[in-house]
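Engineer: So I've got this file, run_24.cif, and it contains mmCIF, C-alpha atoms:
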data_my_file
#
loop_
_atom_site.label_atom_id
_atom_site.label_comp_id
_atom_site.auth_asym_id
_atom_site.auth_seq_id
_atom_site.Cartn_x
_atom_site.Cartn_y
_atom_site.Cartn_z
CA HIS O 3 0.00 0.00 0.00
CA PHE O 4 2.85 2.37 -0.79
CA THR O 5 1.85 5.63 -2.47
CA LYS O 6 5.33 6.85 -3.40
CA PHE O 7 9.06 6.27 -3.10
CA HIS O 8 11.46 9.05 -2.14
CA TYR O 9 15.01 8.31 -3.25
CA THR O 10 17.91 10.30 -1.78
CA ALA O 11 21.64 9.69 -1.94
CA SER O 12 24.92 11.46 -1.32
CA ASN O 13 25.49 11.71 -5.10
CA GLY O 14 22.72 14.36 -5.34
CA THR O 15 19.76 12.08 -5.99
CA ASP O 16 16.51 13.55 -4.68
CA LEU O 17 13.63 11.94 -6.53
CA VAL O 18 10.00 11.29 -5.67
CA VAL O 19 8.20 8.57 -7.65
CA GLU O 20 4.44 8.27 -7.14
CA LEU O 21 2.59 4.99 -7.55
CA THR O 22 -0.95 4.48 -8.82
CA PRO O 23 -3.64 3.50 -6.30
CA ASP O 24 -3.64 0.06 -7.97
CA SER O 25 0.14 -0.46 -7.94
CA LYS O 26 1.44 -3.71 -6.54
CA PHE O 27 4.80 -5.43 -6.44
CA SER O 28 5.93 -8.25 -8.70
CA PHE O 29 4.52 -10.81 -6.34
CA GLU O 30 0.91 -11.48 -5.63
CA ARG O 31 -0.83 -12.34 -2.39
CA LYS O 32 -3.28 -15.20 -2.88
CA ASP O 33 -5.73 -16.84 -0.48
CA ASP O 34 -3.33 -19.72 0.08
CA GLY O 35 -0.20 -17.58 0.54
CA ILE O 36 2.12 -15.43 -1.57
CA SER O 37 3.04 -16.34 -5.12
CA PHE O 38 6.48 -14.97 -5.96
CA THR O 39 8.67 -15.47 -9.00
CA PRO O 40 12.08 -14.18 -7.93
CA ASN O 41 14.53 -12.50 -10.24
CA ILE O 42 17.47 -14.79 -9.46
CA PRO O 43 19.97 -14.29 -7.90
CA THR O 44 18.78 -11.11 -6.18
CA GLU O 45 15.09 -11.70 -5.61
CA GLU O 46 14.37 -8.22 -6.91
CA ILE O 47 10.81 -7.03 -6.61
CA CYS O 48 9.46 -4.27 -8.78
CA THR O 49 6.43 -2.16 -9.43
CA THR O 50 5.27 0.27 -12.07
CA PRO O 51 5.05 3.98 -11.21
CA GLU O 52 2.34 6.45 -12.14
CA LYS O 53 3.36 7.83 -15.53
CA TYR O 54 3.21 11.54 -14.58
CA GLY O 55 4.25 11.20 -10.93
CA THR O 56 8.06 11.40 -11.02
CA ASN O 57 9.78 14.63 -9.96
CA GLY O 58 13.35 15.49 -9.06
CA VAL O 59 16.78 14.27 -10.06
CA VAL O 60 18.39 10.84 -10.00
CA TYR O 61 22.05 10.01 -10.56
CA ALA O 62 23.26 6.52 -11.39
CA SER O 63 25.65 4.89 -8.96
CA ARG O 64 26.81 2.32 -11.52
CA PRO O 65 27.59 2.48 -15.24
CA LEU O 66 25.07 1.66 -17.96
CA VAL O 67 26.06 -0.22 -21.09
CA LEU O 68 24.24 1.30 -24.02
CA GLY O 69 24.99 0.43 -27.62
CA GLY O 70 28.09 -1.46 -26.54
CA LYS O 71 29.52 1.58 -24.74
CA SER O 72 29.72 2.19 -21.01
CA VAL O 73 28.12 5.42 -19.79
CA GLU O 74 29.20 6.50 -16.30
CA ASN O 75 28.35 9.41 -14.02
CA PHE O 76 24.98 10.26 -15.51
CA GLY O 77 21.54 11.23 -14.34
CA PHE O 78 18.11 12.45 -15.31
CA ARG O 79 15.94 15.30 -14.10
CA PHE O 80 12.19 14.63 -14.16
CA GLU O 81 9.21 16.98 -14.14
CA ASN O 82 5.69 15.55 -14.03
CA GLY O 83 7.03 12.14 -14.97
CA LYS O 84 9.01 13.22 -18.01
CA VAL O 85 12.79 13.36 -18.40
CA VAL O 86 13.42 17.06 -19.01
CA GLU O 87 17.20 16.96 -18.70
CA VAL O 88 19.86 14.35 -19.35
CA ILE O 89 22.94 14.90 -17.20
CA ALA O 90 26.20 13.39 -18.44
CA ASN O 91 29.73 14.42 -19.36
CA GLU O 92 30.17 11.51 -21.77
CA GLY O 93 27.52 9.49 -23.58
CA LYS O 94 24.94 12.26 -23.28
CA GLU O 95 23.92 11.96 -26.94
CA MET O 96 23.24 8.22 -26.53
CA LEU O 97 21.10 8.83 -23.43
CA GLU O 98 19.21 11.63 -25.17
CA ALA O 99 18.52 9.29 -28.11
CA LEU O 100 17.26 6.70 -25.63
CA VAL O 101 14.70 9.06 -24.10
CA ARG O 102 13.57 10.14 -27.59
CA MET O 103 13.14 6.56 -28.87
CA ASP O 104 9.37 7.07 -28.88
CA GLU O 105 7.00 9.60 -27.36
CA ASN O 106 6.83 7.74 -24.02
CA ALA O 107 10.42 6.50 -23.70
CA CYS O 108 11.13 9.52 -21.48
CA TYR O 109 8.81 8.26 -18.70
CA LEU O 110 9.51 5.61 -16.07
CA GLY O 111 8.16 2.08 -16.42
CA GLU O 112 9.82 0.31 -13.48
CA CYS O 113 10.90 0.92 -9.88
CA ALA O 114 12.80 -2.07 -8.51
CA LEU O 115 13.86 -2.83 -4.96
CA VAL O 116 16.94 -4.98 -4.46
CA GLU O 117 18.37 -5.92 -1.09
CA TYR O 118 21.66 -4.07 -0.45
CA HIS O 119 23.59 -7.28 0.18
CA SER O 120 22.52 -8.92 -3.09
CA PRO O 121 25.05 -11.38 -4.54
CA ILE O 122 25.74 -9.07 -7.48
CA SER O 123 26.29 -6.07 -5.22
CA MET O 124 28.59 -8.03 -2.95
CA SER O 125 30.69 -9.19 -5.90
CA HIS O 126 31.85 -5.55 -6.29
CA ARG O 127 32.02 -6.12 -10.04
CA VAL O 128 30.53 -4.40 -13.01
CA TYR O 129 29.46 -7.04 -15.53
CA TYR O 130 28.71 -4.53 -18.31
CA THR O 131 25.42 -6.29 -18.97
CA THR O 132 22.42 -4.22 -17.88
CA LEU O 133 20.20 -7.17 -16.91
CA ILE O 134 22.88 -8.32 -14.47
CA ASP O 135 24.28 -4.97 -13.35
CA GLU O 136 20.85 -3.51 -12.53
CA ASN O 137 20.49 -6.20 -9.89
CA ALA O 138 23.37 -4.78 -7.88
CA SER O 139 21.03 -2.21 -6.36
CA CYS O 140 17.60 -0.66 -6.41
CA HIS O 141 16.99 0.70 -9.86
CA LEU O 142 14.66 2.54 -12.18
CA ALA O 143 13.95 1.85 -15.84
CA LEU O 144 12.59 4.13 -18.51
CA GLY O 145 9.96 2.91 -20.96
CA ALA O 146 7.08 0.49 -20.76
CA GLY O 147 5.42 -0.27 -17.45
CA PHE O 148 4.22 -3.71 -16.41
CA GLY O 149 0.52 -4.54 -16.47
CA GLU O 150 1.17 -7.31 -13.94
CA CYS O 151 2.27 -4.64 -11.45
CA ILE O 152 -1.19 -3.12 -11.11
CA ILE O 153 -4.29 -4.83 -9.83
CA GLY O 154 -6.17 -6.32 -12.77
CA GLY O 155 -3.57 -5.10 -15.25
CA THR O 156 -2.58 -8.31 -16.99
CA GLU O 157 -5.59 -8.31 -19.29
CA LEU O 158 -5.52 -4.61 -20.19
CA LYS O 159 -4.77 -3.22 -23.64
CA ASP O 160 -2.28 -0.37 -24.06
CA GLU O 161 -4.98 2.32 -24.09
CA GLU O 162 -6.42 0.96 -20.84
CA LEU O 163 -2.98 0.87 -19.21
CA LEU O 164 -2.46 4.51 -20.15
CA GLU O 165 -5.86 5.37 -18.66
CA ARG O 166 -4.75 3.69 -15.40
CA GLY O 167 -1.54 5.78 -15.33
CA ILE O 168 0.88 3.14 -16.64
CA ASN O 169 3.44 4.11 -19.26
CA VAL O 170 3.28 2.39 -22.65
CA SER O 171 6.42 2.71 -24.74
#
For this file, produce the structure as structure tokens.

Structural biologist:
Amino acid sequence: HFTKFHYTASNGTDLVVELTPDSKFSFERKDDGISFTPNIPTEEICTTPEKYGTNGVVYASRPLVLGGKSVENFGFRFENGKVVEVIANEGKEMLEALVRMDENACYLGECALVEYHSPISMSHRVYYTTLIDENASCHLALGAGFGECIIGGTELKDEELLERGINVS
């Protein structure tokens, strides 16, 4: 029953991400217990934010591999859900192209929580593969949201997801 996340960090991150009233995490409580499909090896859980509810600035604490190149020391400033500024000394053009990929690529689709002592985090390595490296810490992802992360969302069409505040990209 979270309504928002407020991320802060010593690197300058100060970001508020609002959730929809129907947001849920990537596990589902059932009458006979909790069904959970973990993202091995970290057991990440994620949810989908409200498309227009992200405000502030976030800086990455780890590099991102994009187009075969590593982008380090970057961030994004959001207003009303939309990336309005890409912050980077190197790789800025690649990140700007990413947020312009389609009309909704500049909005968040995922907020993931990963336990600090995850195996990937404790390895103190950068694997230069986003699907592995993102599991070193809590992370955000631009683009499409997940219908399965809102109540009743798995059967919804794109237009219906947008009406419920979920980004489609």

Engineer: Which neighbours of Phe4 (chain O) fall inside 10 Å, counting all atoms listed in the file, when residues of the same chain fewer than 5 positions from it are skipped, and could you give them as number ranges by chain?

Structural biologist: O: 20-27

Engineer: Provide the CA of Thr49 (chain O) to CA of Val85 (chain O) distance in Å, to one decimal place.

Structural biologist: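 Distance reported for this atom pair: 19.0 Å.
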
Engineer: Report the residues retrieved by the PyMOL selection byres ((chain O and resi 7-16) around 9) from the displayed file, expressed as number ranges by chain.

Structural biologist: O: 4-6, 17-21, 57-63, 77, 113

Engineer: For the PyMOL selection byres ((chain O and resi 115) around 10), applied here, can you spell out every residue it catches as a list of chain:residue names?

Structural biologist: O:Phe27, O:Thr44, O:Glu45, O:Glu46, O:Ile47, O:Cys48, O:Thr49, O:Glu112, O:Cys113, O:Ala114, O:Val116, O:Glu117, O:Tyr118, O:Asn137, O:Ser139, O:Cys140, O:His141, O:Leu142

Engineer: Quick one: distance from CA of Ser120 (chain O) to CA of Pro65 (chain O) in Å, one decimal?

Structural biologist: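 Calculated distance between CA of Ser120 (chain O) and CA of Pro65 (chain O) is 17.4 Å.
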
Engineer: With the file shown as input, list the residues that the PyMOL selection byres ((chain O and resi 100) around 12) selects, as a list of chain:residue names.

Structural biologist: O:Leu68, O:Gly69, O:Phe78, O:Val85, O:Val88, O:Gly93, O:Lys94, O:Glu95, O:Met96, O:Leu97, O:Glu98, O:Ala99, O:Val101, O:Arg102, O:Met103, O:Asp104, O:Glu105, O:Asn106, O:Ala107, O:Cys108, O:Tyr109, O:Ala143, O:Leu144, O:Gly145, O:Ser171

Engineer: Which distance in Å separates CA of Val73 (chain O) and CA of Thr50 (chain O), to one decimal?

Structural biologist: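 Answer for the CA of Val73 (chain O) to CA of Thr50 (chain O) separation: 24.7 Å.
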
Engineer: Nearest to Ile122 (chain O) among O:Ile168, O:Pro43, O:Arg64, O:Ile153, with distances taken over all atoms listed in the file: which residue is it?

Structural biologist: O:Pro43

Engineer: For Leu163 (chain O), find every residue with an atom within 12 Å (counting only C-alpha atoms), except residues of its own chain fewer than 5 positions away, and show them as a ChimeraX atom specification.

Structural biologist: /O:22,24-25,50-53,111,146-158,168-171

Engineer: Which one is closest to Ser72 (chain O): O:Pro121, O:Ser28, O:Tyr129, O:Leu110? Count only C-alpha atoms.

Structural biologist: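 Closest residue, counting only C-alpha atoms: O:Tyr129.
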